[in-house]
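Shown next, in structure tokens, is the structure this report addresses.
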Amino acid sequence: MNVTPPSPRTAVILIHGEEAGPGQLGPALRRSGFSLDIRSRAPQPEDTEADLVVVMGKSLGLQEAEPPPLLEEERRLLARRLEAGRPSLGIGLGAGLLAAAAGARVRPGEKGPVLGVHPVSLTAEGLADPLFAGFEEFFDVLHWQADTFEPIHGAQELVSTARYPHQIFRVGNSYGVRFHPEVDGGMFERWVRHSGEDVARVGLTMEELLKREGPRVARVQQHSMLMMERLAAFFARQVGAGGGERYLFTVEAIQRLAGRGVLLSPGIPRRAPIVRVGQTLSLKRPDGSRVEGTVRGMASFGDTGSAIPLLVLLDSPDAEVPPGSEALTSEPLTV
């Protein structure tokens, strides 16, 4: 029997700023079966009926008493979607707009701006949410924020900090993420170069901030990419998007074993493995070519790090898997 694959779904992505873009979220959404309609500050009336709307942007807080007309238009769009039960994702500036759409008052934070990599903690509800299966209770993320908002009626608070709570919340079938898991090292540098006033507010020069935070941004990529992948998969389930591939991790080191075996690091989260023995992998090399393989085991060797290296049997015994290759799977994650 022939099975017709699901038709592609569209994710409308509204971005703010010349240096902005979907970052790591874009590939994750495409892998989950979405086509992308990326626009800069251009919400349309028909976006109320879109499969998914994503509002993104960095912000150290709006200083105006009333939001600019464009942001108010986006807030109303998100409010209409919440009322209709249609999923939305707000990241950074978009999370504040989603909170406002849900009825919370957004205001400048009393504790000043936060710009750089700092820890967040999972709440009791966050520890139970599949989005964070395998995450430690405390983990580091990239912050670029200076506003806050009141608790949202009916929302689940999933991630918090002592300085500014409400770092990730879920309201209905929509998520708000105050920090920036979509940002990689290159995107962070572009943000810094285009944001002299924001950088000055934390008392650093652009070069000082890049030197201090650049290596930290690189270190949080595994958690960030996995979070983007799981958010994309969640929204794909909400709208019936096609399966596609799932990102697992980016290979940092490879150890050759006997025959076709390789040990790939850093691997997958230790607390709740997301793949199983026998699962097929596709290793996408930096040049775009592919190496296929099968998971044969997980190897900790007494290491107590947050990730477990994967033992993979390659289909081709002579295949090379250079650092920077992405481990992908078309099979469902086990969480």
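Identifiers in the structure tokens: chain A, B, ... in order shown; residue index from 1 per chain; ligand index from 1 in order shown.
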
Using only C-alpha atoms, which residues of range 219-249 of chain A come within 12 Å of range 303-318 of chain A, and what is the closest atom pair for each, with the distance in Å to one decimal? Give it as a Markdown table, sorted by chain and residue number.
| residue | atom | partner | partner_atom | distance |
| --- | --- | --- | --- | --- |
| A:Val220 | CA | A:Ser306 | CA | 11.8 |
| A:Gln222 | CA | A:Ala307 | CA | 9.5 |
| A:His223 | CA | A:Ser306 | CA | 10.2 |
| A:Leu248 | CA | A:Leu310 | CA | 10.7 |
| A:Phe249 | CA | A:Ala307 | CA | 9.9 |

Since we have the selection now, will you write its residues out, keeping all heavy atoms, as a CSV table (one decimal), in the first residue's frame?
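Dumped to again.csv:
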chain,number,residue,atom,x,y,z
A,220,VAL,N,27.9,26.0,24.8
A,220,VAL,CA,26.5,25.7,25.0
A,220,VAL,C,25.7,25.2,23.8
A,220,VAL,O,24.5,25.0,23.8
A,220,VAL,CB,25.7,26.9,25.6
A,220,VAL,CG1,26.4,27.3,26.9
A,220,VAL,CG2,25.6,28.0,24.7
A,222,GLN,N,25.5,22.3,22.2
A,222,GLN,CA,24.9,21.0,22.2
A,222,GLN,C,23.5,21.1,22.8
A,222,GLN,O,22.5,20.6,22.2
A,222,GLN,CB,25.7,19.9,23.0
A,222,GLN,CG,25.1,18.5,22.9
A,222,GLN,CD,25.9,17.5,23.6
A,222,GLN,OE1,26.6,17.8,24.5
A,222,GLN,NE2,25.6,16.2,23.3
A,223,HIS,N,23.4,21.7,24.0
A,223,HIS,CA,22.1,21.8,24.6
A,223,HIS,C,21.2,22.7,23.7
A,223,HIS,O,20.0,22.4,23.6
A,223,HIS,CB,22.2,22.5,26.0
A,223,HIS,CG,22.6,21.6,27.1
A,223,HIS,ND1,23.8,21.7,27.8
A,223,HIS,CD2,22.0,20.5,27.6
A,223,HIS,CE1,23.8,20.7,28.7
A,223,HIS,NE2,22.8,20.0,28.6
A,248,LEU,N,21.1,15.2,16.5
A,248,LEU,CA,21.5,14.6,17.8
A,248,LEU,C,22.7,15.4,18.4
A,248,LEU,O,22.6,15.8,19.5
A,248,LEU,CB,21.9,13.2,17.5
A,248,LEU,CG,20.8,12.2,17.1
A,248,LEU,CD1,21.3,10.8,16.7
A,248,LEU,CD2,19.7,12.1,18.2
A,249,PHE,N,23.8,15.5,17.7
A,249,PHE,CA,24.9,16.3,18.2
A,249,PHE,C,25.9,16.6,17.1
A,249,PHE,O,25.8,16.0,16.0
A,249,PHE,CB,25.6,15.5,19.3
A,249,PHE,CG,26.2,14.2,18.9
A,249,PHE,CD1,27.5,14.1,18.6
A,249,PHE,CD2,25.4,13.1,19.0
A,249,PHE,CE1,28.1,12.9,18.2
A,249,PHE,CE2,25.9,11.8,18.6
A,249,PHE,CZ,27.3,11.7,18.2

Which of range 61-206 of chain A counts as helix (DSSP H, G or I) under DSSP, as a ChimeraX atom specification please? /A:69-84,93-101,124-128,130-132,185-193,196-201,206

With distances taken over only C-alpha atoms, which of A:Gly109, A:Glu136, A:Gly176, A:Thr48 is nearest to Arg81 in chain A?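 Ranked by minimum distance to Arg81 in chain A, first place goes to A:Thr48.
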
Contacts of range 182-187 of chain A within 7 Å, only C-alpha atoms, excl. fewer than 5 positions in-chain, as a short mmCIF file (atom, residue, chain, number, x, y, z; two decimals) with N, CA and C atoms, in the first residue's frame:
data_model
loop_
_atom_site.label_atom_id
_atom_site.label_comp_id
_atom_site.auth_asym_id
_atom_site.auth_seq_id
_atom_site.Cartn_x
_atom_site.Cartn_y
_atom_site.Cartn_z
N PRO A 22 16.79 33.25 11.64
CA PRO A 22 16.32 32.11 12.44
C PRO A 22 17.43 31.32 13.09
N GLY A 23 18.68 31.51 12.63
CA GLY A 23 19.79 30.80 13.24
C GLY A 23 19.60 29.30 13.19
N GLN A 24 19.90 28.64 14.31
CA GLN A 24 19.84 27.18 14.38
C GLN A 24 18.41 26.64 14.34
N LEU A 25 17.43 27.52 14.56
CA LEU A 25 16.04 27.07 14.49
C LEU A 25 15.64 26.72 13.07
N GLY A 214 32.48 34.59 23.62
CA GLY A 214 32.55 33.75 22.43
C GLY A 214 32.79 32.28 22.73
N VAL A 217 29.69 30.69 24.35
CA VAL A 217 28.61 30.42 23.40
C VAL A 217 28.86 29.10 22.68
N ALA A 218 30.13 28.86 22.29
CA ALA A 218 30.46 27.59 21.61
C ALA A 218 30.18 26.40 22.52
N GLN A 221 26.42 24.93 22.70
CA GLN A 221 25.74 24.60 21.45
C GLN A 221 25.01 23.26 21.50
N SER A 224 21.73 23.75 23.15
CA SER A 224 20.91 24.67 22.36
C SER A 224 20.34 23.97 21.12
N MET A 228 16.39 23.24 20.17
CA MET A 228 15.76 23.66 18.93
C MET A 228 15.12 22.48 18.21
#

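With distances restricted to only C-alpha atoms, A:Gly324 is the closest residue to Pro266 in chain A from A:Gly154, A:Gly324, A:Pro108, A:Pro130.
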
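Minimum atom-to-atom distance to Pro45 in chain A, evaluated using only C-alpha atoms, belongs to A:Leu77 out of A:Leu210, A:Leu77, A:Ala124, A:Ala20.
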
Just the residues within 6 Å of Leu158 in chain A, please, counting only C-alpha atoms, with nothing from its chain fewer than 2 positions along; format it as a list in words. Leu122, Thr123, Glu125, Gly126, Ile168 and Phe169 of chain A

Dump of N, CA, C and O atoms for the selected residues, as a PDB file, in the first residue's frame:
ATOM      1  N   LEU A 122      15.822  24.276  35.748  1.00  0.00           N
ATOM      2  CA  LEU A 122      14.522  23.706  35.438  1.00  0.00           C
ATOM      3  C   LEU A 122      13.631  23.745  36.672  1.00  0.00           C
ATOM      4  O   LEU A 122      14.065  23.434  37.784  1.00  0.00           O
ATOM      5  N   THR A 123      12.391  24.131  36.502  1.00  0.00           N
ATOM      6  CA  THR A 123      11.403  24.035  37.566  1.00  0.00           C
ATOM      7  C   THR A 123      10.931  22.585  37.670  1.00  0.00           C
ATOM      8  O   THR A 123      11.317  21.718  36.872  1.00  0.00           O
ATOM      9  N   GLU A 125       8.013  21.545  36.926  1.00  0.00           N
ATOM     10  CA  GLU A 125       7.294  21.272  35.677  1.00  0.00           C
ATOM     11  C   GLU A 125       8.264  21.089  34.512  1.00  0.00           C
ATOM     12  O   GLU A 125       8.024  20.277  33.619  1.00  0.00           O
ATOM     13  N   GLY A 126       9.373  21.838  34.525  1.00  0.00           N
ATOM     14  CA  GLY A 126      10.369  21.693  33.471  1.00  0.00           C
ATOM     15  C   GLY A 126      11.040  20.328  33.510  1.00  0.00           C
ATOM     16  O   GLY A 126      11.304  19.724  32.464  1.00  0.00           O
ATOM     17  N   ILE A 168      11.581  30.083  30.295  1.00  0.00           N
ATOM     18  CA  ILE A 168      10.788  29.355  29.303  1.00  0.00           C
ATOM     19  C   ILE A 168       9.435  29.072  29.918  1.00  0.00           C
ATOM     20  O   ILE A 168       9.341  28.614  31.058  1.00  0.00           O
ATOM     21  N   PHE A 169       8.383  29.352  29.181  1.00  0.00           N
ATOM     22  CA  PHE A 169       7.037  29.044  29.636  1.00  0.00           C
ATOM     23  C   PHE A 169       6.254  28.434  28.484  1.00  0.00           C
ATOM     24  O   PHE A 169       6.585  28.627  27.308  1.00  0.00           O
TER      25      PHE A 169
END

Length of the CA of Met225 in chain A to CA of Gly297 in chain A vector [Å]: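 Value for the CA of Met225 in chain A-CA of Gly297 in chain A distance: 22.4 Å.
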
To one decimal in Å, tell me the separation between CA of Glu189 in chain A and CA of Phe235 in chain A.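 Interatomic distance here is 29.0 Å.
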
Running DSSP on the backbone, which parts of range 67-268 of chain A land in strand (DSSP E), as a VMD selection string? chain A and resid 88 to 91 106 to 108 114 to 122 138 to 145 147 to 149 156 to 160 168 to 171 174 to 177 246 to 250 253 to 256 261 to 268

Please list as a PyMOL selection string every residue within 12 Å of Gly103 in chain A, counting only C-alpha atoms and excluding residues in the same chain fewer than 4 positions away. chain A and resi 75-76+78-79+82-83+96-99+149-155+171

Distance CA of Pro323 in chain A-CA of Glu252 in chain A, one decimal place?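 Taking CA of Pro323 in chain A as the start and CA of Glu252 in chain A as the end point, the length is 4.9 Å.
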
Nearby residues (only C-alpha atoms) at most 8 Å from Glu326 in chain A, same-chain spacing under 3 positions excluded, as a PyMOL selection string: chain A and resi 247-251+283-286

Just the residues within 6 Å of Arg178 in chain A, please, counting only C-alpha atoms, with nothing from its chain fewer than 2 positions along; format it as an NGL selection string. :A and (91-92 or 95 or 167)

Rank A:Leu71, A:Ala253, A:Val199, A:Val291 by their smallest atom-to-atom distance to Val55 in chain A, using only C-alpha atoms, and report the top residue only.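 When distances to Val55 in chain A are compared using only C-alpha atoms, the smallest one comes from A:Leu71.
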
Rank nothing, just name the residue among A:Val295, A:Gly288, A:Ala128, A:Gln145 nearest to Glu157 in chain A, using only C-alpha atoms. A:Ala128
